[in-house]
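**Student:** Next up is a structure, given as structure tokens.
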Amino acid sequence: MAETDEPMVVDGGNGSTCEWDGRWNHIKKFLERSGPFTHPDFEPSTEALSGFRNLHVVDMDTIDISNLNRQFLFRSKDVGRPKADVAADFINSRIPGCRAVPHFKKIQDFDETFYRQFHIIVCGLDSIVARRWLNGVLSLLVYEDGVLDPRSIIPVIDGGTEGFKGNARVILPGMTACIDCTLELYPPQINFPMCTIASMPRLPEHCVEFVRVLLWPKEKPFGDDVILDGDDPAHIQWVYQKSLERAAEFNITGVTYRLTQGVVKRIIPAVASTNAVIAAACATEVFKIATSAYTPLNNYMVFNDVDGLYTYTFEAERKENCSACSQIPLDLHFSSSSKLQEVLDYLTESASLQMKSPAVTATVEGKNKTLYLQSVASIEQRTRPNLSKTLKELGLTDGQELAVADVTTPQTMLFRLCFTS
Amino acid sequence: MAATKASKEQKYDRQLRLWGDHGQEALENAHICLINATATGTEILKNLVLPGIGAFTIVDGHTVTGEDVGNNFFLSNNSIGKNRAQAATELLQELNSDVSGNFVEESPDKLLDNDPEFFHRFTIVIGVQLPESTCLRLGSVLWNASVPFLVCKTYGLLGYMRLVVQEHTVIESHPDNALEDLRLDQPFAEFQNHVKSYDLDSMDKKDHSHTPWIIIVAKYLEKWFSEHNCRLPKNYKEKEAFRQFIREGILKNENGVPEDEENFEEAIKNVNTALNLTKIPSTVEDLFNSEQCNSITSQSPSFWVMLRAVKEFVHNEGNGSLPVRGTIPDMIADSQKFINLQNVYREKALQDAAAVSKHVECLLQSVGKPPESIAEKDIKLFCKNASFLRVVRCRSLAEEYSVDSVNKDEITSCMDNPDSEMVFYLMLRAVDRFYQQHSRYPGVYNYQVEEDISKLKLSVNSLLQEYSFNVNIKDDYIHEFCRYGAAEPHTVSAFLGGSAAQEAIKIISHQFVPFNNTFIYNAMSQTSATLQL
């Protein structure tokens with residue numbers, strides 16, 4: 001994940017060790033020459049180039065051997081080291097003049113003051129939750145007292161892949177479709193039903209899930225507080241053996257070590273080629289936006305090369321009342337005799353919200369009251385009875401605001417409660 | 001040795017889940033030739049070295065210039081003045097020590113002059129940024145040697161790929177949305193017997209709710225047949241009636257309220273696809289009718305022998321149908337019922353594969369080859385994928401370029417829309433023509449841009465005239481192509497790098513389906529098109 005710090009056209013570059021004759025020949029034609037397909041605002045210039053010099057790289061992961069089949073900045077000697085550090089080192093030594101700054105951190109470790117400094121943000125995140133969080137931060141930045149300030153818009157270029165499929169999109173928060181505007185494009189992952197896992201396995205995957213979800217907590221094979229670690233071969237070996245036993249009980253064939261690990265770690269297959277295609281598409285957009293040389297992608301491209309090569313490019317539509325990128329508070333319609341649990345179910349199950357574990361607070365009788373919060377055990381216990389109380393019983397009134405916090409959003413989301421009866 | 005094997009399993013884990021150990025083996029036995037280590041070339045090779053191809057050889061007579069280092073991640077400014085093949089090999093080799101990297105400091109034209117058979121040793125040859133004459137010469141040599149040839153070019157903000165392969169067979173095409181092979185419209189005997197073992201009316205509630213939907217549909221179809229003169233529900237009205245028929249079979253409690261029977265809901269939901277007629281896909285029928293299938297010789301590749309055997313099976317034991325695939329989707333059911341049902345399909349598939357095997361043996365014998373020439377497991381894999389078989393045949397470059405066989409219809413009909421990607425194909429051809437005439441590309445230097453526009457226009461017109469293409473190419477495109485100055489921007493090279501590498505992997509592994517035969521990528525609009533030229 002790289003973020004750029006400065007526009008491209010800057011400084012002289014004569015006599016510096018990181019310049020040599022012809023270095024920019026392939027790129028300067030696009031900057032110095034006018035043409036019929038350039039962006040309407042483009043002005044050709046012969047000022048000397050400097051390339052993308054200032055990049056920040058944020059990544060919370062360390063390098064794993066299974067990364068090496070596609071993550072070309074890493075080598076086997078780097079296994080175990082932070083990705084951000086190794087990537088920055090590699091780029092800085094291979095590309096003279098480049099100054100990549102690594103941050104071995106989660107994106108959530110930074111707040112809007114950090115992200116505000118960048119001209120463009122590019123993401124290759126590995127989860128929807130992370131994308132939504134970052135999307136939320138950048139949407140925050142563009143509103144000043146509830147009014148959109150176009151100068152604060154930081155373009156986000158987001159790329160993702162799975163096997164032979166991928167997509168690249170350009171987001172101008174507050175102006176074009178953001179991640180949350182198109183949440184329905186990412187349907188929620190479906191897990192196997194518990195009764196299948198517990199008593200009616202049919203597939204080898206069911207056997208592995210049984211061991212992961214039910215047998216491990218029961219048998220605690222590596223100690224009392226030891227959680228199953230998908231990266232620990234000893235753990236996977238144990239799960240594999242137990243899965244074989246489970247499968248044998250039910251005459252199920254097909255449990256292998258590879259399948260076991262795939263289920264436990266929820267592995268998504270990945271190759272160098274698809275990632276190269278999507279990364280290249282994203283980099284092209286960074287170039288276009290940074291130089292205004294061409295009109296950027298508007299705004300979503302999908303790619304699939306299972307059968308030939310297929311691309312489809314379309315304009316994803318912005319949602320007027322998007323919970324992330326518009327300032328319009330969402331209405332929640334419930335009867336006053338609905339239980340709080342129903343509200344929580346809506347927040348997690350609605351295709352357009354898909355929250356993970358929302359925490360709800362409200363002002364009741366002049367005081368701020370936590371209605372339910374899952375992530376802190378003591379508060380969860382204390383507020384659990386509220387789930388089966390009605391909204392009326394909880395002292396909530398028609399038209400009042402509910403504040404909801406969740407991992408999918410950096411800031412509390414405000415909803416307006418509308419009683420239907 | 002064991003340590004390396006285990007660490008390779010770990011390193012390649014994410015890709016093994018896509019093409020399996022046998023696909024990986026094919027990759028590791030491959031030797032790829034890259035001609036010209038430009039940015040496009042090295043980006044392609046990077047995506048082949050990382051997944052662990054056996055070996056590569058870069059053929060390149062050029063010396064590294066400052067310009068080369070500017071857009072190529074696999075050249076450094078220390079390489080300036082060195083041979084480009086050698087310099088690139090160093091930085092590509094260090095991506096993966098499992099791969100053997102080689103280089104030949106020679107231009108492809110020289111090799112074609114002195115030793116064209118040099119190219120015969122390769123699994124695939126990838127030619128990048130080749131002038132037209134070299135491309136056509138090489139194309140002819142490789143076509144005659146049956147070596148697949150992938151031509152790639154980055155020109156300004158355009159990417160171009162052309163695959164040239166005479167006949168490429170694919171058993172494992174891994175289709176995205178395959179229909180199940182359940183045979184509910186023509187149930188085989190063993191399935192019918194298995195269905196008989198169920199009596200829905202006398203089952204206890206637990207069993208009733210955990211009966212696989214396939215059994216339910218089969219039972220109700222039997223009833224429907226007896227009431228409808230052995231005809232399947234065929235239009236929307238009848239299918240609706242059939243769904244309702246099944247719905248009435250849901251158990252009711254003492255108050256007459258239907259119980260929650262998810263398996264019945266599944267049956268109702270699946271009625272549409274369950275009633276699909278079992279038939280041989282037209283792609284497979286076409287293969288059955290092809291020359292290679294009908295004239296099996298001792299030279300016939302095993303794909304055609306197995307296909308012919310399947311055809312024989314279809315006309316005999318198969319009663320007009322392909323061998324049963326043997327897989328069923330997951331569904332609500334208790335373990336035993338599901339496994340038993342799954343085994344009925346699996347055993348039938350094994351039986352059908354055995355019958356196909358007998359035909360394979362006969363065919364091999366008839367051409368004087370030992371029956372072990374084709375392994376049992378390969379026949380099983382072939383049968384399992386019988387509905388998904390694909391053969392890709394790309395025309396030769398000679399055919400594409402000859403006035404007599406050029407695909408004029410495709411070109412003129414695409415150009416009904418003057419902004420279709422076809423215009424870029426024509427411009428690339430025109431630019432090649434320009435190069436042939438002027439020994440340079442248009443607009444490389446700023447002072448050339450203006451005057452080259454009219455020169456390029458002449459090349460365009462000469463192209464259109466030679467082939468009698470009655471199309472119009474807007475001046476804007478001619479201007480744009482002069483503006484490009486034959487630049488090879490890195491991001492466009494990288495897009496092609498990923499695309500071309502995967503097509504090469506498809507050719508090497510014989511899994512997934514390659515494109516046929518021309519791919520154009522437009523980085524300005526982030527769109528693409530595949531043309532068959």
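Every chain in the structure tokens takes a letter, A first, then B, and so on in the order presented; its residues are numbered from 1, and the ligands are numbered from 1 following the presented order.
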List the spatial neighbours of Leu215 (chain A) as a list of chain:residue names - criterion: any atom at most 12 Å away, only C-alpha atoms, same-chain residues fewer than 3 positions off excluded.
**Tutor:** A:Ile197, A:Ala198, A:Cys207, A:Val208, A:Glu209, A:Phe210, A:Val211, A:Arg212, A:Lys218, A:Glu219, A:Lys220, A:Pro221, A:Leu228, A:Trp238, A:Val239, A:Tyr240, A:Gln241, A:Lys242, A:Ser243, A:Glu245, A:Arg246
**Student:** Could you dump the residues just selected with N, CA, C and O atoms as a PDB file, in the first residue's frame?
**Tutor:**
ATOM      1  N   ILE A 197     -22.173 -28.610  11.040  1.00  0.00           N
ATOM      2  CA  ILE A 197     -20.848 -28.804  11.628  1.00  0.00           C
ATOM      3  C   ILE A 197     -20.936 -29.788  12.795  1.00  0.00           C
ATOM      4  O   ILE A 197     -20.122 -30.698  12.909  1.00  0.00           O
ATOM      5  N   ALA A 198     -21.928 -29.600  13.629  1.00  0.00           N
ATOM      6  CA  ALA A 198     -21.995 -30.369  14.877  1.00  0.00           C
ATOM      7  C   ALA A 198     -22.466 -31.795  14.685  1.00  0.00           C
ATOM      8  O   ALA A 198     -21.975 -32.705  15.352  1.00  0.00           O
ATOM      9  N   CYS A 207     -15.849 -31.210   8.260  1.00  0.00           N
ATOM     10  CA  CYS A 207     -15.055 -31.926   9.262  1.00  0.00           C
ATOM     11  C   CYS A 207     -13.998 -31.005   9.867  1.00  0.00           C
ATOM     12  O   CYS A 207     -13.777 -31.007  11.080  1.00  0.00           O
ATOM     13  N   VAL A 208     -13.368 -30.205   9.026  1.00  0.00           N
ATOM     14  CA  VAL A 208     -12.338 -29.289   9.527  1.00  0.00           C
ATOM     15  C   VAL A 208     -12.962 -28.232  10.429  1.00  0.00           C
ATOM     16  O   VAL A 208     -12.431 -27.913  11.491  1.00  0.00           O
ATOM     17  N   GLU A 209     -14.112 -27.706  10.033  1.00  0.00           N
ATOM     18  CA  GLU A 209     -14.782 -26.683  10.840  1.00  0.00           C
ATOM     19  C   GLU A 209     -15.195 -27.239  12.195  1.00  0.00           C
ATOM     20  O   GLU A 209     -15.138 -26.543  13.212  1.00  0.00           O
ATOM     21  N   PHE A 210     -15.596 -28.507  12.194  1.00  0.00           N
ATOM     22  CA  PHE A 210     -15.955 -29.153  13.475  1.00  0.00           C
ATOM     23  C   PHE A 210     -14.764 -29.101  14.424  1.00  0.00           C
ATOM     24  O   PHE A 210     -14.892 -28.738  15.596  1.00  0.00           O
ATOM     25  N   VAL A 211     -13.614 -29.466  13.913  1.00  0.00           N
ATOM     26  CA  VAL A 211     -12.423 -29.503  14.761  1.00  0.00           C
ATOM     27  C   VAL A 211     -12.044 -28.089  15.199  1.00  0.00           C
ATOM     28  O   VAL A 211     -11.740 -27.836  16.369  1.00  0.00           O
ATOM     29  N   ARG A 212     -12.106 -27.143  14.262  1.00  0.00           N
ATOM     30  CA  ARG A 212     -11.692 -25.772  14.567  1.00  0.00           C
ATOM     31  C   ARG A 212     -12.625 -25.126  15.590  1.00  0.00           C
ATOM     32  O   ARG A 212     -12.175 -24.511  16.563  1.00  0.00           O
ATOM     33  N   LYS A 218     -12.708 -27.503  23.134  1.00  0.00           N
ATOM     34  CA  LYS A 218     -13.010 -28.532  24.136  1.00  0.00           C
ATOM     35  C   LYS A 218     -11.734 -29.222  24.618  1.00  0.00           C
ATOM     36  O   LYS A 218     -11.514 -29.411  25.801  1.00  0.00           O
ATOM     37  N   GLU A 219     -10.867 -29.584  23.672  1.00  0.00           N
ATOM     38  CA  GLU A 219      -9.709 -30.389  24.042  1.00  0.00           C
ATOM     39  C   GLU A 219      -8.473 -29.564  24.394  1.00  0.00           C
ATOM     40  O   GLU A 219      -7.533 -30.083  24.987  1.00  0.00           O
ATOM     41  N   LYS A 220      -8.469 -28.275  24.002  1.00  0.00           N
ATOM     42  CA  LYS A 220      -7.342 -27.386  24.282  1.00  0.00           C
ATOM     43  C   LYS A 220      -6.005 -28.117  24.140  1.00  0.00           C
ATOM     44  O   LYS A 220      -5.242 -28.219  25.090  1.00  0.00           O
ATOM     45  N   PRO A 221      -5.704 -28.606  22.946  1.00  0.00           N
ATOM     46  CA  PRO A 221      -4.566 -29.521  22.775  1.00  0.00           C
ATOM     47  C   PRO A 221      -3.199 -28.931  23.083  1.00  0.00           C
ATOM     48  O   PRO A 221      -2.267 -29.648  23.382  1.00  0.00           O
ATOM     49  N   LEU A 228      -6.103 -21.353  18.431  1.00  0.00           N
ATOM     50  CA  LEU A 228      -5.666 -21.989  17.188  1.00  0.00           C
ATOM     51  C   LEU A 228      -4.977 -20.967  16.283  1.00  0.00           C
ATOM     52  O   LEU A 228      -5.551 -19.934  15.943  1.00  0.00           O
ATOM     53  N   TRP A 238      -2.445 -31.030  13.962  1.00  0.00           N
ATOM     54  CA  TRP A 238      -3.411 -31.579  14.914  1.00  0.00           C
ATOM     55  C   TRP A 238      -4.821 -31.522  14.331  1.00  0.00           C
ATOM     56  O   TRP A 238      -5.574 -32.495  14.374  1.00  0.00           O
ATOM     57  N   VAL A 239      -5.172 -30.361  13.797  1.00  0.00           N
ATOM     58  CA  VAL A 239      -6.509 -30.193  13.210  1.00  0.00           C
ATOM     59  C   VAL A 239      -6.701 -31.184  12.068  1.00  0.00           C
ATOM     60  O   VAL A 239      -7.760 -31.791  11.925  1.00  0.00           O
ATOM     61  N   TYR A 240      -5.667 -31.356  11.270  1.00  0.00           N
ATOM     62  CA  TYR A 240      -5.718 -32.282  10.140  1.00  0.00           C
ATOM     63  C   TYR A 240      -6.013 -33.698  10.608  1.00  0.00           C
ATOM     64  O   TYR A 240      -6.922 -34.361  10.087  1.00  0.00           O
ATOM     65  N   GLN A 241      -5.260 -34.163  11.614  1.00  0.00           N
ATOM     66  CA  GLN A 241      -5.465 -35.529  12.115  1.00  0.00           C
ATOM     67  C   GLN A 241      -6.883 -35.714  12.645  1.00  0.00           C
ATOM     68  O   GLN A 241      -7.552 -36.706  12.345  1.00  0.00           O
ATOM     69  N   LYS A 242      -7.316 -34.749  13.447  1.00  0.00           N
ATOM     70  CA  LYS A 242      -8.659 -34.852  14.026  1.00  0.00           C
ATOM     71  C   LYS A 242      -9.734 -34.770  12.950  1.00  0.00           C
ATOM     72  O   LYS A 242     -10.792 -35.406  13.065  1.00  0.00           O
ATOM     73  N   SER A 243      -9.496 -33.983  11.922  1.00  0.00           N
ATOM     74  CA  SER A 243     -10.446 -33.872  10.818  1.00  0.00           C
ATOM     75  C   SER A 243     -10.549 -35.196  10.082  1.00  0.00           C
ATOM     76  O   SER A 243     -11.639 -35.604   9.663  1.00  0.00           O
ATOM     77  N   GLU A 245     -10.123 -38.103  11.411  1.00  0.00           N
ATOM     78  CA  GLU A 245     -10.905 -38.995  12.280  1.00  0.00           C
ATOM     79  C   GLU A 245     -12.391 -38.703  12.136  1.00  0.00           C
ATOM     80  O   GLU A 245     -13.210 -39.611  12.027  1.00  0.00           O
ATOM     81  N   ARG A 246     -12.707 -37.438  12.156  1.00  0.00           N
ATOM     82  CA  ARG A 246     -14.114 -37.027  12.018  1.00  0.00           C
ATOM     83  C   ARG A 246     -14.668 -37.515  10.677  1.00  0.00           C
ATOM     84  O   ARG A 246     -15.773 -38.043  10.591  1.00  0.00           O
TER      85      ARG A 246
END
**Student:** For chain A, work out the contacting residues on chain B at 6 Å, counting only C-alpha atoms, and write them as a compact mmCIF listing (two decimals) with all heavy atoms, in the first residue's frame.
**Tutor:**
# COMPACT_ATOMS: atom_id res chain seq x y z
N GLN B 10 5.11 -24.82 0.41
CA GLN B 10 4.67 -23.63 1.16
C GLN B 10 4.72 -22.40 0.28
O GLN B 10 3.79 -21.60 0.26
CB GLN B 10 5.60 -23.40 2.36
CG GLN B 10 5.40 -24.37 3.49
CD GLN B 10 6.38 -24.06 4.61
OE1 GLN B 10 7.58 -24.25 4.48
NE2 GLN B 10 5.85 -23.56 5.70
N LYS B 11 5.83 -22.24 -0.45
CA LYS B 11 6.00 -21.04 -1.26
C LYS B 11 4.91 -20.94 -2.31
O LYS B 11 4.34 -19.88 -2.56
CB LYS B 11 7.39 -21.07 -1.92
CG LYS B 11 7.66 -19.86 -2.79
CD LYS B 11 9.13 -19.67 -3.10
CE LYS B 11 9.65 -20.61 -4.14
NZ LYS B 11 10.99 -20.22 -4.64
N TYR B 12 4.61 -22.07 -2.95
CA TYR B 12 3.66 -22.05 -4.06
C TYR B 12 2.23 -22.37 -3.63
O TYR B 12 1.35 -22.51 -4.49
CB TYR B 12 4.12 -23.03 -5.14
CG TYR B 12 5.47 -22.70 -5.75
CD1 TYR B 12 6.42 -23.68 -5.99
CD2 TYR B 12 5.79 -21.38 -6.09
CE1 TYR B 12 7.66 -23.38 -6.56
CE2 TYR B 12 7.03 -21.07 -6.65
CZ TYR B 12 7.96 -22.07 -6.88
OH TYR B 12 9.18 -21.77 -7.42
N ARG B 14 -0.42 -20.84 -2.56
CA ARG B 14 -1.55 -20.06 -3.05
C ARG B 14 -1.88 -20.32 -4.51
O ARG B 14 -3.01 -20.12 -4.95
CB ARG B 14 -1.33 -18.56 -2.82
CG ARG B 14 -1.12 -18.18 -1.36
CD ARG B 14 -2.33 -18.53 -0.51
NE ARG B 14 -2.18 -18.01 0.85
CZ ARG B 14 -1.62 -18.70 1.86
NH1 ARG B 14 -1.16 -19.91 1.65
NH2 ARG B 14 -1.53 -18.15 3.07
N GLN B 15 -0.87 -20.73 -5.30
CA GLN B 15 -1.14 -21.00 -6.72
C GLN B 15 -1.44 -22.48 -6.95
O GLN B 15 -2.15 -22.83 -7.89
CB GLN B 15 0.04 -20.56 -7.59
CG GLN B 15 1.30 -21.40 -7.43
CD GLN B 15 2.56 -20.67 -7.86
OE1 GLN B 15 2.69 -19.47 -7.65
NE2 GLN B 15 3.50 -21.39 -8.44
N ARG B 17 -3.36 -24.11 -5.25
CA ARG B 17 -4.80 -24.23 -5.07
C ARG B 17 -5.57 -23.91 -6.34
O ARG B 17 -6.78 -24.11 -6.41
CB ARG B 17 -5.25 -23.30 -3.93
CG ARG B 17 -4.78 -23.78 -2.58
CD ARG B 17 -4.94 -22.71 -1.50
NE ARG B 17 -4.23 -23.13 -0.30
CZ ARG B 17 -4.73 -23.97 0.62
NH1 ARG B 17 -5.95 -24.45 0.47
NH2 ARG B 17 -4.01 -24.31 1.66
N ASN B 47 6.39 -12.43 -13.90
CA ASN B 47 5.20 -13.18 -13.52
C ASN B 47 5.26 -14.64 -13.92
O ASN B 47 4.32 -15.39 -13.69
CB ASN B 47 3.96 -12.51 -14.11
CG ASN B 47 3.75 -11.12 -13.53
OD1 ASN B 47 3.88 -10.92 -12.33
ND2 ASN B 47 3.45 -10.16 -14.39
N LEU B 50 8.33 -15.89 -10.84
CA LEU B 50 7.80 -15.99 -9.48
C LEU B 50 7.05 -17.31 -9.24
O LEU B 50 7.26 -17.95 -8.22
CB LEU B 50 6.91 -14.80 -9.15
CG LEU B 50 7.62 -13.47 -8.90
CD1 LEU B 50 6.60 -12.32 -8.87
CD2 LEU B 50 8.41 -13.51 -7.61
N PRO B 51 6.16 -17.73 -10.15
CA PRO B 51 5.48 -19.01 -9.93
C PRO B 51 6.33 -20.24 -10.20
O PRO B 51 5.86 -21.35 -10.02
CB PRO B 51 4.28 -18.95 -10.88
CG PRO B 51 4.59 -17.94 -11.88
CD PRO B 51 5.56 -16.99 -11.29
N GLY B 66 20.12 4.51 -21.16
CA GLY B 66 19.53 5.23 -20.03
C GLY B 66 18.02 5.18 -20.09
O GLY B 66 17.33 5.05 -19.08
N GLU B 67 17.51 5.23 -21.31
CA GLU B 67 16.06 5.18 -21.52
C GLU B 67 15.49 3.84 -21.04
O GLU B 67 14.43 3.79 -20.43
CB GLU B 67 15.82 5.35 -23.02
CG GLU B 67 14.40 5.34 -23.46
CD GLU B 67 14.29 5.60 -24.95
OE1 GLU B 67 14.42 6.77 -25.34
OE2 GLU B 67 14.09 4.63 -25.70
N GLY B 70 15.13 3.69 -17.36
CA GLY B 70 14.07 4.58 -16.86
C GLY B 70 12.72 3.92 -16.71
O GLY B 70 11.92 4.33 -15.87
N ASP B 334 -28.81 -35.52 6.10
CA ASP B 334 -27.91 -36.09 7.11
C ASP B 334 -26.74 -36.76 6.38
O ASP B 334 -26.82 -37.06 5.19
CB ASP B 334 -28.64 -37.03 8.07
CG ASP B 334 -29.21 -38.27 7.42
OD1 ASP B 334 -28.41 -39.01 6.75
OD2 ASP B 334 -30.42 -38.51 7.55
N SER B 335 -25.67 -36.97 7.12
CA SER B 335 -24.42 -37.42 6.51
C SER B 335 -24.61 -38.69 5.69
O SER B 335 -24.18 -38.78 4.54
CB SER B 335 -23.37 -37.67 7.58
OG SER B 335 -23.28 -36.56 8.44
N ASP B 476 -7.69 12.04 -35.11
CA ASP B 476 -7.28 12.08 -33.71
C ASP B 476 -6.39 10.89 -33.35
O ASP B 476 -5.42 11.03 -32.59
CB ASP B 476 -8.51 12.04 -32.78
CG ASP B 476 -9.12 13.43 -32.59
OD1 ASP B 476 -8.47 14.42 -33.01
OD2 ASP B 476 -10.22 13.51 -32.02
N GLU B 480 -2.61 10.97 -32.05
CA GLU B 480 -2.26 10.34 -30.78
C GLU B 480 -1.10 9.38 -30.93
O GLU B 480 -0.20 9.32 -30.10
CB GLU B 480 -3.50 9.62 -30.19
CG GLU B 480 -3.31 9.01 -28.82
CD GLU B 480 -3.26 10.01 -27.67
OE1 GLU B 480 -3.27 11.24 -27.92
OE2 GLU B 480 -3.17 9.56 -26.51
N ALA B 487 6.61 5.27 -27.12
CA ALA B 487 6.96 5.14 -25.69
C ALA B 487 6.40 3.84 -25.14
O ALA B 487 5.39 3.33 -25.62
CB ALA B 487 6.39 6.33 -24.91
N GLU B 488 7.06 3.33 -24.11
CA GLU B 488 6.65 2.08 -23.48
C GLU B 488 6.51 2.35 -21.97
O GLU B 488 7.37 1.98 -21.17
CB GLU B 488 7.73 1.02 -23.74
CG GLU B 488 7.31 -0.40 -23.38
CD GLU B 488 8.48 -1.40 -23.50
OE1 GLU B 488 9.61 -0.95 -23.78
OE2 GLU B 488 8.26 -2.60 -23.30
N PRO B 489 5.42 3.03 -21.58
CA PRO B 489 5.30 3.40 -20.17
C PRO B 489 5.21 2.15 -19.30
O PRO B 489 4.62 1.14 -19.68
CB PRO B 489 4.00 4.20 -20.08
CG PRO B 489 3.38 4.18 -21.42
CD PRO B 489 4.25 3.44 -22.36
N THR B 491 3.57 1.33 -16.51
CA THR B 491 2.32 0.76 -15.99
C THR B 491 1.56 -0.03 -17.05
O THR B 491 0.92 -1.04 -16.73
CB THR B 491 1.39 1.83 -15.38
OG1 THR B 491 0.99 2.74 -16.40
CG2 THR B 491 2.05 2.56 -14.25
N ALA B 494 3.31 -3.28 -17.43
CA ALA B 494 3.02 -4.17 -16.30
C ALA B 494 1.66 -4.84 -16.45
O ALA B 494 1.48 -6.00 -16.07
CB ALA B 494 3.11 -3.40 -14.98
N PHE B 495 0.69 -4.12 -16.98
CA PHE B 495 -0.63 -4.72 -17.22
C PHE B 495 -0.49 -5.87 -18.21
O PHE B 495 -0.99 -6.97 -17.99
CB PHE B 495 -1.59 -3.65 -17.76
CG PHE B 495 -3.02 -4.10 -17.82
CD1 PHE B 495 -3.93 -3.69 -16.85
CD2 PHE B 495 -3.49 -4.91 -18.85
CE1 PHE B 495 -5.27 -4.09 -16.89
CE2 PHE B 495 -4.82 -5.32 -18.90
CZ PHE B 495 -5.72 -4.91 -17.91
N GLY B 498 1.22 -8.98 -16.65
CA GLY B 498 0.36 -9.93 -15.94
C GLY B 498 -0.49 -10.73 -16.91
O GLY B 498 -0.63 -11.94 -16.79
N GLN B 502 -0.06 -14.96 -17.68
CA GLN B 502 -1.10 -15.94 -17.40
C GLN B 502 -1.49 -16.71 -18.66
O GLN B 502 -1.77 -17.91 -18.59
CB GLN B 502 -2.33 -15.26 -16.78
CG GLN B 502 -3.36 -16.23 -16.23
CD GLN B 502 -2.77 -17.28 -15.30
OE1 GLN B 502 -1.85 -17.02 -14.54
NE2 GLN B 502 -3.29 -18.50 -15.38
N PHE B 512 -7.32 -23.93 -17.86
CA PHE B 512 -7.96 -22.64 -18.15
C PHE B 512 -7.83 -22.38 -19.64
O PHE B 512 -7.01 -23.00 -20.34
CB PHE B 512 -7.35 -21.51 -17.30
CG PHE B 512 -7.36 -21.82 -15.82
CD1 PHE B 512 -6.25 -22.37 -15.20
CD2 PHE B 512 -8.50 -21.60 -15.08
CE1 PHE B 512 -6.27 -22.70 -13.84
CE2 PHE B 512 -8.54 -21.92 -13.71
CZ PHE B 512 -7.42 -22.47 -13.11
N VAL B 513 -8.62 -21.45 -20.16
CA VAL B 513 -8.71 -21.32 -21.62
C VAL B 513 -8.01 -20.06 -22.12
O VAL B 513 -8.32 -18.95 -21.66
CB VAL B 513 -10.20 -21.28 -22.05
CG1 VAL B 513 -10.32 -21.24 -23.56
CG2 VAL B 513 -10.94 -22.49 -21.48
N PRO B 514 -7.06 -20.21 -23.03
CA PRO B 514 -6.36 -19.04 -23.57
C PRO B 514 -7.27 -18.22 -24.48
O PRO B 514 -8.29 -18.73 -24.98
CB PRO B 514 -5.21 -19.64 -24.39
CG PRO B 514 -5.21 -21.10 -24.13
CD PRO B 514 -6.54 -21.47 -23.59
N PHE B 515 -6.88 -16.98 -24.72
CA PHE B 515 -7.67 -16.11 -25.60
C PHE B 515 -7.40 -16.46 -27.06
O PHE B 515 -6.40 -17.09 -27.39
CB PHE B 515 -7.34 -14.64 -25.31
CG PHE B 515 -5.97 -14.19 -25.81
CD1 PHE B 515 -5.86 -13.34 -26.91
CD2 PHE B 515 -4.81 -14.60 -25.18
CE1 PHE B 515 -4.61 -12.92 -27.36
CE2 PHE B 515 -3.55 -14.20 -25.62
CZ PHE B 515 -3.46 -13.35 -26.72
**Student:** Using only C-alpha atoms, which residues sit within 8 Å of Val324 (chain B) once same-chain residues fewer than 5 positions away are excluded, as a PDB file with C-alpha atoms, in the first residue's frame?
**Tutor:**
ATOM      1  CA  ASP B 181     -24.694 -33.235 -14.026  1.00  0.00           C
ATOM      2  CA  TYR B 345     -23.084 -40.870  -8.650  1.00  0.00           C
ATOM      3  CA  LYS B 348     -21.692 -44.591 -11.940  1.00  0.00           C
ATOM      4  CA  ALA B 349     -18.915 -42.203 -12.977  1.00  0.00           C
ATOM      5  CA  ASP B 352     -18.646 -44.998 -17.229  1.00  0.00           C
ATOM      6  CA  CYS B 383     -14.339 -38.140 -18.279  1.00  0.00           C
ATOM      7  CA  LYS B 384     -14.932 -35.873 -15.293  1.00  0.00           C
TER       8      LYS B 384
END
**Student:** Mind checking DSSP for region 313-391 of chain A and telling me the helix (DSSP H, G or I) residues as a list in words?
**Tutor:** Leu340, Gln341, Glu342, Val343, Leu344, Asp345, Tyr346, Leu347, Thr348, Glu349, Ala377, Ser378, Ile379, Glu380, Gln381, Arg382, Thr383, Arg384, Pro385, Asn386, Leu387 and Ser388 of chain A
**Student:** Which residues are near His510 (chain B)? Cut-off 10 Å, only C-alpha atoms, ignore same chain within fewer than 6 positions. Put them as a ChimeraX atom specification.
**Tutor:** /B:19,23,26,168-173,504
**Student:** Quick check, in Å to one decimal: how far apart do CA of Ile128 (chain A) and CA of Lys269 (chain B) lie?
**Tutor:**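 Computing the Euclidean distance for CA of Ile128 (chain A) and CA of Lys269 (chain B) yields 29.8 Å.
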**Student:** A:Asp59, A:Asp406, A:Glu144, A:Asp89: which is nearest Asp109 (chain A), counting only C-alpha atoms?
**Tutor:** A:Asp59
